[in-house]
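Asks: So here's final_3.pdb, just PDB, C-alpha atoms, pLDDT in the B column:
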```
ATOM      1  CA  MET F   1      18.175  20.439   3.367  1.00 44.00           C
ATOM      2  CA  THR F   2      19.923  23.648   2.307  1.00 50.00           C
ATOM      3  CA  ARG F   3      18.414  27.081   2.767  1.00 51.00           C
ATOM      4  CA  HIS F   4      18.056  27.636  -1.007  1.00 52.00           C
ATOM      5  CA  TYR F   5      16.409  24.223  -1.469  1.00 49.00           C
ATOM      6  CA  LEU F   6      13.967  24.917   1.360  1.00 51.00           C
ATOM      7  CA  SER F   7      13.137  28.340  -0.105  1.00 53.00           C
ATOM      8  CA  LEU F   8      12.400  26.944  -3.563  1.00 51.00           C
ATOM      9  CA  THR F   9      10.360  24.103  -2.079  1.00 53.00           C
ATOM     10  CA  LEU F  10       8.247  26.575  -0.124  1.00 52.00           C
ATOM     11  CA  ARG F  11       7.719  28.728  -3.215  1.00 56.00           C
ATOM     12  CA  PHE F  12       6.587  25.760  -5.301  1.00 54.00           C
ATOM     13  CA  THR F  13       4.281  24.557  -2.526  1.00 56.00           C
ATOM     14  CA  MET F  14       2.769  27.994  -1.945  1.00 57.00           C
ATOM     15  CA  ALA F  15       2.127  28.447  -5.680  1.00 53.00           C
ATOM     16  CA  LEU F  16       0.259  25.152  -5.816  1.00 53.00           C
ATOM     17  CA  LEU F  17      -1.704  25.779  -2.614  1.00 55.00           C
ATOM     18  CA  LEU F  18      -2.762  29.219  -3.849  1.00 55.00           C
ATOM     19  CA  ALA F  19      -3.964  27.702  -7.117  1.00 51.00           C
ATOM     20  CA  ILE F  20      -5.934  25.031  -5.262  1.00 52.00           C
ATOM     21  CA  ALA F  21      -7.371  27.553  -2.788  1.00 51.00           C
ATOM     22  CA  GLY F  22      -8.382  29.908  -5.591  1.00 52.00           C
ATOM     23  CA  GLY F  23     -10.161  27.130  -7.432  1.00 48.00           C
ATOM     24  CA  ALA F  24     -11.906  25.942  -4.280  1.00 46.00           C
ATOM     25  CA  VAL F  25     -13.111  29.445  -3.404  1.00 46.00           C
ATOM     26  CA  PHE F  26     -14.399  29.973  -6.941  1.00 47.00           C
ATOM     27  CA  SER F  27     -16.213  26.640  -6.813  1.00 46.00           C
ATOM     28  CA  ALA F  28     -17.723  27.326  -3.396  1.00 46.00           C
ATOM     29  CA  GLN F  29     -19.060  30.712  -4.476  1.00 47.00           C
ATOM     30  CA  ALA F  30     -20.872  29.297  -7.484  1.00 45.00           C
ATOM     31  CA  LYS F  31     -24.577  28.772  -6.977  1.00 48.00           C
ATOM     32  CA  PRO F  32     -26.219  25.422  -7.749  1.00 48.00           C
ATOM     33  CA  GLY F  33     -28.031  26.771 -10.769  1.00 46.00           C
ATOM     34  CA  ASP F  34     -25.149  28.741 -12.249  1.00 49.00           C
ATOM     35  CA  LYS F  35     -23.914  26.077 -14.660  1.00 59.00           C
ATOM     36  CA  LEU F  36     -23.546  22.359 -15.221  1.00 72.00           C
ATOM     37  CA  LEU F  37     -20.508  20.510 -13.991  1.00 84.00           C
ATOM     38  CA  ASN F  38     -17.667  20.410 -16.503  1.00 89.00           C
ATOM     39  CA  ARG F  39     -16.669  16.988 -17.841  1.00 82.00           C
ATOM     40  CA  GLN F  40     -19.017  15.091 -15.546  1.00 84.00           C
ATOM     41  CA  TYR F  41     -17.988  11.643 -16.768  1.00 83.00           C
ATOM     42  CA  ALA F  42     -14.245  12.213 -17.201  1.00 83.00           C
ATOM     43  CA  ASP F  43     -13.348  10.241 -14.063  1.00 87.00           C
ATOM     44  CA  GLN F  44     -15.415   7.226 -15.098  1.00 86.00           C
ATOM     45  CA  LYS F  45     -13.191   6.342 -18.051  1.00 89.00           C
ATOM     46  CA  ARG F  46     -11.194   3.155 -17.521  1.00 93.00           C
ATOM     47  CA  VAL F  47      -8.129   4.552 -19.310  1.00 94.00           C
ATOM     48  CA  HIS F  48      -7.311   8.058 -20.422  1.00 90.00           C
ATOM     49  CA  LEU F  49      -4.235   9.872 -21.722  1.00 94.00           C
ATOM     50  CA  GLY F  50      -2.657  13.270 -21.299  1.00 95.00           C
ATOM     51  CA  PHE F  51       0.606  15.180 -21.168  1.00 96.00           C
ATOM     52  CA  SER F  52       2.371  17.570 -18.832  1.00 96.00           C
ATOM     53  CA  VAL F  53       4.894  20.380 -18.726  1.00 97.00           C
ATOM     54  CA  GLY F  54       6.604  21.751 -15.664  1.00 96.00           C
ATOM     55  CA  ALA F  55       9.676  22.907 -13.798  1.00 96.00           C
ATOM     56  CA  HIS F  56      11.939  21.222 -11.260  1.00 96.00           C
ATOM     57  CA  VAL F  57      15.007  21.819  -9.110  1.00 94.00           C
ATOM     58  CA  GLN F  58      17.707  19.255  -8.407  1.00 93.00           C
ATOM     59  CA  ASP F  59      19.718  18.888  -5.202  1.00 93.00           C
ATOM     60  CA  LEU F  60      22.371  16.511  -3.852  1.00 93.00           C
ATOM     61  CA  ASP F  61      22.741  15.097  -0.355  1.00 94.00           C
ATOM     62  CA  PHE F  62      26.442  14.555   0.466  1.00 93.00           C
ATOM     63  CA  THR F  63      27.786  12.169   3.118  1.00 93.00           C
ATOM     64  CA  HIS F  64      31.421  12.988   3.932  1.00 90.00           C
ATOM     65  CA  ASN F  65      33.925  10.461   5.247  1.00 89.00           C
ATOM     66  CA  GLY F  66      36.465  12.821   6.874  1.00 84.00           C
ATOM     67  CA  TYR F  67      39.199  12.049   4.352  1.00 83.00           C
ATOM     68  CA  ILE F  68      42.304  14.226   4.770  1.00 85.00           C
ATOM     69  CA  THR F  69      44.565  14.792   1.773  1.00 82.00           C
ATOM     70  CA  PRO F  70      48.331  14.236   1.987  1.00 82.00           C
ATOM     71  CA  ASP F  71      48.793  18.017   2.324  1.00 80.00           C
ATOM     72  CA  GLY F  72      46.480  18.080   5.375  1.00 82.00           C
ATOM     73  CA  GLN F  73      43.288  19.457   3.783  1.00 84.00           C
ATOM     74  CA  GLN F  74      39.736  18.223   4.413  1.00 87.00           C
ATOM     75  CA  TRP F  75      37.170  18.934   1.697  1.00 87.00           C
ATOM     76  CA  VAL F  76      33.381  19.279   2.028  1.00 89.00           C
ATOM     77  CA  ALA F  77      30.777  19.593  -0.723  1.00 89.00           C
ATOM     78  CA  GLU F  78      27.474  21.433  -1.057  1.00 90.00           C
ATOM     79  CA  VAL F  79      25.044  22.714  -3.684  1.00 90.00           C
ATOM     80  CA  PRO F  80      24.982  26.487  -3.017  1.00 87.00           C
ATOM     81  CA  SER F  81      22.417  27.494  -5.648  1.00 79.00           C
ATOM     82  CA  PHE F  82      19.830  26.072  -8.007  1.00 78.00           C
ATOM     83  CA  SER F  83      18.835  26.574 -11.612  1.00 82.00           C
ATOM     84  CA  PRO F  84      15.218  25.521 -12.264  1.00 89.00           C
ATOM     85  CA  GLY F  85      14.989  22.985 -15.056  1.00 94.00           C
ATOM     86  CA  PHE F  86      12.293  22.039 -17.572  1.00 95.00           C
ATOM     87  CA  CYS F  87      10.343  18.791 -17.776  1.00 97.00           C
ATOM     88  CA  VAL F  88       7.840  17.286 -20.202  1.00 97.00           C
ATOM     89  CA  ASN F  89       5.929  13.994 -19.854  1.00 97.00           C
ATOM     90  CA  VAL F  90       3.196  11.924 -21.428  1.00 97.00           C
ATOM     91  CA  LEU F  91       0.549  10.410 -19.162  1.00 96.00           C
ATOM     92  CA  GLY F  92      -1.353   7.158 -19.081  1.00 96.00           C
ATOM     93  CA  ASP F  93      -3.989   6.854 -16.331  1.00 96.00           C
ATOM     94  CA  LEU F  94      -5.738   3.614 -15.307  1.00 96.00           C
ATOM     95  CA  ARG F  95      -8.852   3.851 -13.098  1.00 95.00           C
ATOM     96  CA  LEU F  96      -8.720   1.235 -10.322  1.00 94.00           C
ATOM     97  CA  HIS F  97     -11.488   2.549  -8.088  1.00 91.00           C
ATOM     98  CA  LYS F  98     -13.584   5.657  -7.553  1.00 91.00           C
ATOM     99  CA  TYR F  99     -10.762   7.133  -5.477  1.00 94.00           C
ATOM    100  CA  LEU F 100      -7.700   5.305  -6.870  1.00 96.00           C
ATOM    101  CA  ASN F 101      -5.823   5.658 -10.164  1.00 96.00           C
ATOM    102  CA  LEU F 102      -2.548   4.149 -11.365  1.00 97.00           C
ATOM    103  CA  ARG F 103      -0.510   6.619 -13.401  1.00 97.00           C
ATOM    104  CA  LEU F 104       2.479   6.084 -15.699  1.00 97.00           C
ATOM    105  CA  SER F 105       4.132   9.292 -16.932  1.00 96.00           C
ATOM    106  CA  PRO F 106       7.431   8.754 -18.802  1.00 97.00           C
ATOM    107  CA  GLY F 107       9.250  11.851 -20.000  1.00 97.00           C
ATOM    108  CA  MET F 108      12.380  13.993 -19.970  1.00 97.00           C
ATOM    109  CA  TYR F 109      13.858  16.268 -17.288  1.00 97.00           C
ATOM    110  CA  PHE F 110      16.461  18.835 -18.329  1.00 96.00           C
ATOM    111  CA  GLY F 111      18.335  20.626 -15.542  1.00 93.00           C
ATOM    112  CA  SER F 112      21.605  21.587 -13.904  1.00 91.00           C
ATOM    113  CA  LYS F 113      23.160  22.190 -10.520  1.00 91.00           C
ATOM    114  CA  THR F 114      26.440  23.575  -9.228  1.00 90.00           C
ATOM    115  CA  VAL F 115      28.583  21.614  -6.769  1.00 91.00           C
ATOM    116  CA  GLU F 116      30.963  23.639  -4.632  1.00 91.00           C
ATOM    117  CA  MET F 117      33.884  21.929  -2.866  1.00 88.00           C
ATOM    118  CA  ILE F 118      35.396  23.839   0.052  1.00 88.00           C
ATOM    119  CA  ALA F 119      38.642  23.118   1.889  1.00 86.00           C
ATOM    120  CA  TYR F 120      37.577  23.102   5.537  1.00 79.00           C
ATOM    121  CA  GLY F 121      39.044  26.001   7.524  1.00 75.00           C
ATOM    122  CA  THR F 122      40.301  27.843   4.429  1.00 79.00           C
ATOM    123  CA  ASP F 123      38.853  30.075   1.717  1.00 80.00           C
ATOM    124  CA  ARG F 124      39.861  27.678  -1.062  1.00 84.00           C
ATOM    125  CA  LYS F 125      36.934  26.613  -3.245  1.00 86.00           C
ATOM    126  CA  GLU F 126      36.390  24.623  -6.405  1.00 87.00           C
ATOM    127  CA  ARG F 127      33.163  24.507  -8.443  1.00 89.00           C
ATOM    128  CA  GLN F 128      31.711  22.033 -10.892  1.00 89.00           C
ATOM    129  CA  ASP F 129      28.621  22.515 -13.059  1.00 89.00           C
ATOM    130  CA  VAL F 130      26.575  19.335 -13.417  1.00 89.00           C
ATOM    131  CA  LYS F 131      24.167  19.248 -16.355  1.00 90.00           C
ATOM    132  CA  SER F 132      21.586  16.468 -16.606  1.00 91.00           C
ATOM    133  CA  ALA F 133      19.162  15.144 -19.200  1.00 94.00           C
ATOM    134  CA  TYR F 134      17.067  12.499 -17.480  1.00 96.00           C
ATOM    135  CA  VAL F 135      14.766   9.983 -19.105  1.00 97.00           C
ATOM    136  CA  VAL F 136      12.264   9.387 -16.287  1.00 97.00           C
ATOM    137  CA  VAL F 137       9.715   6.625 -15.751  1.00 97.00           C
ATOM    138  CA  PRO F 138       7.438   7.544 -12.808  1.00 97.00           C
ATOM    139  CA  VAL F 139       4.724   5.174 -11.566  1.00 98.00           C
ATOM    140  CA  ASP F 140       2.280   6.722  -9.074  1.00 97.00           C
ATOM    141  CA  LEU F 141      -0.811   5.739  -7.143  1.00 97.00           C
ATOM    142  CA  LYS F 142      -3.193   8.701  -7.196  1.00 97.00           C
ATOM    143  CA  ILE F 143      -5.560   8.905  -4.217  1.00 96.00           C
ATOM    144  CA  SER F 144      -8.365  11.394  -4.835  1.00 95.00           C
ATOM    145  CA  GLY F 145     -10.861  13.074  -2.539  1.00 93.00           C
ATOM    146  CA  GLU F 146     -14.478  13.881  -3.253  1.00 93.00           C
ATOM    147  CA  ARG F 147     -15.186  16.169  -6.172  1.00 91.00           C
ATOM    148  CA  GLN F 148     -16.470  19.601  -5.152  1.00 90.00           C
ATOM    149  CA  ARG F 149     -18.107  20.999  -8.285  1.00 89.00           C
ATOM    150  CA  ASN F 150     -15.169  21.463 -10.674  1.00 93.00           C
ATOM    151  CA  VAL F 151     -12.368  20.882  -8.140  1.00 94.00           C
ATOM    152  CA  ARG F 152     -10.981  17.614  -6.756  1.00 95.00           C
ATOM    153  CA  PRO F 153      -7.823  17.415  -4.559  1.00 96.00           C
ATOM    154  CA  TYR F 154      -5.543  14.385  -4.514  1.00 97.00           C
ATOM    155  CA  VAL F 155      -2.266  13.001  -3.187  1.00 97.00           C
ATOM    156  CA  THR F 156       0.202  10.646  -4.858  1.00 97.00           C
ATOM    157  CA  ALA F 157       2.777   8.078  -3.763  1.00 97.00           C
ATOM    158  CA  GLY F 158       5.073   6.133  -6.034  1.00 97.00           C
ATOM    159  CA  ALA F 159       8.486   5.384  -7.437  1.00 97.00           C
ATOM    160  CA  MET F 160      10.527   6.776 -10.319  1.00 98.00           C
ATOM    161  CA  ALA F 161      13.415   5.356 -12.328  1.00 97.00           C
ATOM    162  CA  THR F 162      15.773   7.842 -14.022  1.00 97.00           C
ATOM    163  CA  PHE F 163      18.481   7.474 -16.661  1.00 96.00           C
ATOM    164  CA  ASP F 164      20.881  10.326 -17.347  1.00 94.00           C
ATOM    165  CA  VAL F 165      21.538  10.414 -21.105  1.00 92.00           C
ATOM    166  CA  SER F 166      23.718  13.548 -21.058  1.00 86.00           C
ATOM    167  CA  LYS F 167      27.288  13.199 -22.275  1.00 77.00           C
ATOM    168  CA  LYS F 168      29.708  12.180 -19.507  1.00 73.00           C
ATOM    169  CA  ARG F 169      32.895  14.175 -19.002  1.00 74.00           C
ATOM    170  CA  SER F 170      36.025  13.482 -16.969  1.00 74.00           C
ATOM    171  CA  ASP F 171      35.035  15.858 -14.160  1.00 81.00           C
ATOM    172  CA  PRO F 172      36.282  15.595 -10.565  1.00 83.00           C
ATOM    173  CA  LEU F 173      32.837  14.223  -9.631  1.00 87.00           C
ATOM    174  CA  VAL F 174      31.069  11.825 -11.986  1.00 88.00           C
ATOM    175  CA  PHE F 175      27.604  10.396 -11.251  1.00 91.00           C
ATOM    176  CA  ASN F 176      26.057   7.107 -12.313  1.00 92.00           C
ATOM    177  CA  THR F 177      23.626   6.981 -15.187  1.00 93.00           C
ATOM    178  CA  ALA F 178      20.773   5.188 -13.391  1.00 95.00           C
ATOM    179  CA  ASP F 179      18.975   6.125 -10.191  1.00 96.00           C
ATOM    180  CA  ALA F 180      15.711   5.333  -8.399  1.00 97.00           C
ATOM    181  CA  TYR F 181      13.467   7.589  -6.306  1.00 98.00           C
ATOM    182  CA  LEU F 182      10.585   7.344  -3.896  1.00 98.00           C
ATOM    183  CA  THR F 183       8.042  10.090  -4.570  1.00 97.00           C
ATOM    184  CA  VAL F 184       5.169  11.777  -2.745  1.00 97.00           C
ATOM    185  CA  GLY F 185       3.034  14.581  -4.093  1.00 97.00           C
ATOM    186  CA  LEU F 186      -0.146  16.564  -3.855  1.00 96.00           C
ATOM    187  CA  GLY F 187      -2.281  18.283  -6.445  1.00 96.00           C
ATOM    188  CA  CYS F 188      -5.758  19.190  -7.585  1.00 96.00           C
ATOM    189  CA  ASP F 189      -7.950  18.402 -10.595  1.00 96.00           C
ATOM    190  CA  PHE F 190      -9.603  21.440 -12.148  1.00 96.00           C
ATOM    191  CA  TYR F 191     -12.409  20.427 -14.520  1.00 94.00           C
ATOM    192  CA  LEU F 192     -12.499  22.879 -17.412  1.00 93.00           C
ATOM    193  CA  PRO F 193     -14.998  22.750 -20.300  1.00 90.00           C
ATOM    194  CA  PHE F 194     -12.689  20.866 -22.690  1.00 90.00           C
ATOM    195  CA  PHE F 195     -10.018  19.234 -20.497  1.00 91.00           C
ATOM    196  CA  LYS F 196      -8.777  18.703 -16.948  1.00 93.00           C
ATOM    197  CA  LEU F 197      -5.901  20.827 -15.625  1.00 95.00           C
ATOM    198  CA  ASN F 198      -3.954  19.275 -12.749  1.00 95.00           C
ATOM    199  CA  PRO F 199      -1.261  21.359 -11.024  1.00 96.00           C
ATOM    200  CA  GLU F 200       0.872  19.044  -8.887  1.00 97.00           C
ATOM    201  CA  ILE F 201       3.949  19.307  -6.690  1.00 96.00           C
ATOM    202  CA  LYS F 202       6.069  16.201  -6.152  1.00 97.00           C
ATOM    203  CA  PHE F 203       8.973  15.518  -3.792  1.00 97.00           C
ATOM    204  CA  CYS F 204      11.503  12.945  -5.026  1.00 97.00           C
ATOM    205  CA  PHE F 205      14.032  11.218  -2.746  1.00 97.00           C
ATOM    206  CA  GLY F 206      16.917   9.266  -4.300  1.00 96.00           C
ATOM    207  CA  LEU F 207      17.549   5.754  -2.998  1.00 96.00           C
ATOM    208  CA  THR F 208      20.987   4.903  -4.373  1.00 95.00           C
ATOM    209  CA  ASP F 209      24.527   6.232  -4.080  1.00 95.00           C
ATOM    210  CA  ILE F 210      24.988   7.903  -7.460  1.00 95.00           C
ATOM    211  CA  LEU F 211      28.678   8.846  -7.044  1.00 93.00           C
ATOM    212  CA  LYS F 212      31.054   6.896  -9.262  1.00 90.00           C
ATOM    213  CA  HIS F 213      33.841   5.919  -6.852  1.00 88.00           C
ATOM    214  CA  ASP F 214      35.992   3.872  -9.257  1.00 84.00           C
ATOM    215  CA  ARG F 215      37.841   6.528 -11.274  1.00 79.00           C
ATOM    216  CA  PRO F 216      40.781   5.034 -13.227  1.00 78.00           C
ATOM    217  CA  ASP F 217      40.674   8.112 -15.457  1.00 73.00           C
ATOM    218  CA  LEU F 218      41.947  10.184 -12.491  1.00 71.00           C
ATOM    219  CA  THR F 219      44.831   7.895 -11.518  1.00 68.00           C
ATOM    220  CA  ASP F 220      47.327  10.438 -12.797  1.00 71.00           C
ATOM    221  CA  ASN F 221      45.430  13.391 -11.319  1.00 71.00           C
ATOM    222  CA  PRO F 222      45.317  12.985  -7.509  1.00 68.00           C
ATOM    223  CA  GLU F 223      44.401  16.669  -7.121  1.00 67.00           C
ATOM    224  CA  ALA F 224      41.049  16.050  -8.849  1.00 70.00           C
ATOM    225  CA  PHE F 225      40.538  12.607  -7.279  1.00 78.00           C
ATOM    226  CA  LYS F 226      40.554  14.129  -3.756  1.00 82.00           C
ATOM    227  CA  MET F 227      36.969  15.292  -4.281  1.00 83.00           C
ATOM    228  CA  THR F 228      35.712  11.745  -4.878  1.00 84.00           C
ATOM    229  CA  GLN F 229      37.847  10.383  -2.028  1.00 86.00           C
ATOM    230  CA  SER F 230      36.247  12.857   0.401  1.00 88.00           C
ATOM    231  CA  LEU F 231      32.705  11.538  -0.151  1.00 91.00           C
ATOM    232  CA  GLN F 232      31.228   8.345   1.249  1.00 93.00           C
ATOM    233  CA  LYS F 233      28.039   8.593  -0.788  1.00 94.00           C
ATOM    234  CA  VAL F 234      25.885  11.061  -2.707  1.00 95.00           C
ATOM    235  CA  LYS F 235      22.103  10.856  -3.058  1.00 95.00           C
ATOM    236  CA  SER F 236      19.885  12.943  -5.286  1.00 95.00           C
ATOM    237  CA  LYS F 237      16.600  14.691  -4.561  1.00 95.00           C
ATOM    238  CA  MET F 238      14.221  16.847  -6.583  1.00 95.00           C
ATOM    239  CA  VAL F 239      11.147  19.025  -6.256  1.00 96.00           C
ATOM    240  CA  VAL F 240       8.922  18.984  -9.354  1.00 96.00           C
ATOM    241  CA  LEU F 241       6.053  21.346 -10.147  1.00 96.00           C
ATOM    242  CA  THR F 242       3.958  19.889 -12.972  1.00 96.00           C
ATOM    243  CA  PHE F 243       0.869  20.949 -14.906  1.00 97.00           C
ATOM    244  CA  TYR F 244      -1.031  17.990 -16.374  1.00 96.00           C
ATOM    245  CA  PHE F 245      -3.506  18.361 -19.215  1.00 96.00           C
ATOM    246  CA  GLU F 246      -5.956  15.453 -19.451  1.00 91.00           C
TER     247      GLU F 246
END
```
For the structure just supplied, provide its representation as structure tokens.
Replies:
Amino acid sequence: MTRHYLSLTLRFTMALLLAIAGGAVFSAQAKPGDKLLNRQYADQKRVHLGFSVGAHVQDLDFTHNGYITPDGQQWVAEVPSFSPGFCVNVLGDLRLHKYLNLRLSPGMYFGSKTVEMIAYGTDRKERQDVKSAYVVVPVDLKISGERQRNVRPYVTAGAMATFDVSKKRSDPLVFNTADAYLTVGLGCDFYLPFFKLNPEIKFCFGLTDILKHDRPDLTDNPEAFKMTQSLQKVKSKMVVLTFYFE
């Protein structure tokens, strides 16, 4: 995990934990007779709907193969910086048990990342901007704790399929359209008078090699093809901060 990725992950996590802690403190300070519980029967519905907006960062995990070019150079890749992207989803929630819910939240993720290729032992660098527009289909099991007045923490575990519908270009590195992720997350339900607000942070770990190795379009451009030849596999990962409205 790169330093920038770790820093952004910590920021997202701290923002969520502060929101949860603030809500818990507010709930704990309220006296029993202050007011009725908001939306007391919201969690008893068999099915309910919602939507979400949020932000995410994308990263890539490179596995190098030690390939050396005919001119004696060895190239390595990294993602030196991140540009937070935007995401929007719709939500369908099915109550399985008092503490268990099955959630389907298809949507769109718009984002970008910069890949930097460096010739090992030299100051030669090449950069490529990778823009993505993902159609995502996450399926999560939501495991909730006990409700404390108008606050209820939860964790999630699930899987997510993604399909990149952005226009493909003949770049030195080209990635496959489809990918699959394992996901884990944590969040908190805040029961407001007219709806539930759920801030949630989710960590997504790609399962497949997304690098397109077969590149006939670069047959006549060995200088560009060296970047693909230097990589054994590439996996994707994301951190997503989402605000659900239910």
Asks: Name the closest residue to Met108 of chain F among the candidates F:Gln74, F:Asn150, F:Ser166, F:Ser83; distances are taken between atoms, counting all atoms listed in the file.
Replies: F:Ser166
Asks: Please determine, counting only C-alpha atoms, which residue among F:Arg127, F:Lys235, F:Lys98, F:Lys196 has the shortest atom-to-atom distance to Lys212 of chain F.
Replies: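 The answer is F:Lys235, which sits nearest to Lys212 of chain F.
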Asks: Hey, what comes out of the PyMOL selection byres ((chain F and resi 109) around 8) on this file? Could you write it as a list in words?
Replies: Gly85, Phe86, Cys87, Val88, Gly107, Met108, Phe110, Gly111, Ser132, Ala133, Tyr134, Val135 and Val136 of chain F
Asks: Could you tell me how far atom CA of Asn89 of chain F sits from atom CA of Glu146 of chain F, in Å to one decimal place?
Replies: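 Taking atom CA of Glu146 of chain F and atom CA of Asn89 of chain F, their separation equals 26.3 Å.
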Asks: Find the distance between atom CA of Pro193 of chain F and atom CA of Leu100 of chain F and write it in Å to one decimal.
Replies: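 Those two atoms sit 23.2 Å apart.
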Asks: Env of Phe175 of chain F: 10 Å cut, atoms = all atoms listed in the file, seq-sep filter 4 positions within chain, self excluded. Answer as a list in words.
Replies: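 Contacts, with the query itself left out: Val130, Asp164, Lys168, Asp171, Asp179, Asp209, Ile210, Leu211, Lys212, His213, Val234 and Lys235 of chain F.
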Asks: Taking only residues of segment 208-244 of chain F that have an atom at most 6 Å from an atom of segment 198-202 of chain F, what is each one's shortest atom pair and its distance in Å to one decimal, using only C-alpha atoms, in chain and number order, as CSV?
Replies:
```
residue,atom,partner,partner_atom,distance
F:Val239,CA,F:Lys202,CA,5.8
F:Val240,CA,F:Lys202,CA,5.1
F:Leu241,CA,F:Ile201,CA,4.5
F:Thr242,CA,F:Glu200,CA,5.2
F:Phe243,CA,F:Pro199,CA,4.4
F:Tyr244,CA,F:Asn198,CA,4.8
```
Asks: Which polymer residues have any atom within 9 Å of an atom of Phe203 of chain F, counting only C-alpha atoms, with same-chain residues fewer than 2 positions away left out, as a ChimeraX atom specification?
Replies: /F:9,182-185,201,205,237-240
Asks: So which residues touch Trp75 of chain F within 10 Å, counting all atoms listed in the file, skipping near sequence neighbours fewer than 6 positions away, as a PyMOL selection string?
Replies: chain F and resi 64-69+117-122+124-126+226-231
Asks: Could all heavy atoms be built for segment 117-122 of chain F and written out as an mmCIF file, keeping the file's coordinate frame?
Replies:
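Wrote selection-v7.cif, looks like this:
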```
data_model
loop_
_atom_site.group_PDB
_atom_site.id
_atom_site.type_symbol
_atom_site.label_atom_id
_atom_site.label_comp_id
_atom_site.auth_asym_id
_atom_site.auth_seq_id
_atom_site.Cartn_x
_atom_site.Cartn_y
_atom_site.Cartn_z
ATOM 1 N N MET F 117 33.015 22.627 -3.810
ATOM 2 C CA MET F 117 33.884 21.929 -2.866
ATOM 3 C C MET F 117 34.707 22.971 -2.117
ATOM 4 O O MET F 117 35.309 23.851 -2.724
ATOM 5 C CB MET F 117 34.797 20.962 -3.591
ATOM 6 C CG MET F 117 34.087 19.820 -4.290
ATOM 7 S SD MET F 117 33.427 18.570 -3.150
ATOM 8 C CE MET F 117 34.937 17.882 -2.480
ATOM 9 N N ILE F 118 34.721 22.854 -0.798
ATOM 10 C CA ILE F 118 35.396 23.839 0.052
ATOM 11 C C ILE F 118 36.401 23.116 0.932
ATOM 12 O O ILE F 118 36.076 22.100 1.560
ATOM 13 C CB ILE F 118 34.376 24.587 0.932
ATOM 14 C CG1 ILE F 118 33.275 25.210 0.067
ATOM 15 C CG2 ILE F 118 35.073 25.642 1.779
ATOM 16 C CD1 ILE F 118 32.111 25.753 0.864
ATOM 17 N N ALA F 119 37.626 23.631 0.981
ATOM 18 C CA ALA F 119 38.642 23.118 1.889
ATOM 19 C C ALA F 119 38.345 23.642 3.289
ATOM 20 O O ALA F 119 38.370 24.853 3.519
ATOM 21 C CB ALA F 119 40.036 23.534 1.438
ATOM 22 N N TYR F 120 38.014 22.726 4.194
ATOM 23 C CA TYR F 120 37.577 23.102 5.537
ATOM 24 C C TYR F 120 38.625 23.975 6.232
ATOM 25 O O TYR F 120 39.811 23.653 6.267
ATOM 26 C CB TYR F 120 37.317 21.845 6.363
ATOM 27 C CG TYR F 120 36.736 22.123 7.730
ATOM 28 C CD1 TYR F 120 35.400 22.470 7.881
ATOM 29 C CD2 TYR F 120 37.531 22.036 8.860
ATOM 30 C CE1 TYR F 120 34.853 22.724 9.125
ATOM 31 C CE2 TYR F 120 36.998 22.282 10.120
ATOM 32 C CZ TYR F 120 35.669 22.627 10.244
ATOM 33 O OH TYR F 120 35.144 22.876 11.483
ATOM 34 N N GLY F 121 38.153 25.112 6.786
ATOM 35 C CA GLY F 121 39.044 26.001 7.524
ATOM 36 C C GLY F 121 39.847 26.940 6.660
ATOM 37 O O GLY F 121 40.691 27.695 7.170
ATOM 38 N N THR F 122 39.600 26.943 5.335
ATOM 39 C CA THR F 122 40.301 27.843 4.429
ATOM 40 C C THR F 122 39.274 28.524 3.530
ATOM 41 O O THR F 122 38.077 28.233 3.587
ATOM 42 C CB THR F 122 41.321 27.091 3.548
ATOM 43 O OG1 THR F 122 40.621 26.320 2.557
ATOM 44 C CG2 THR F 122 42.183 26.150 4.401
#
```
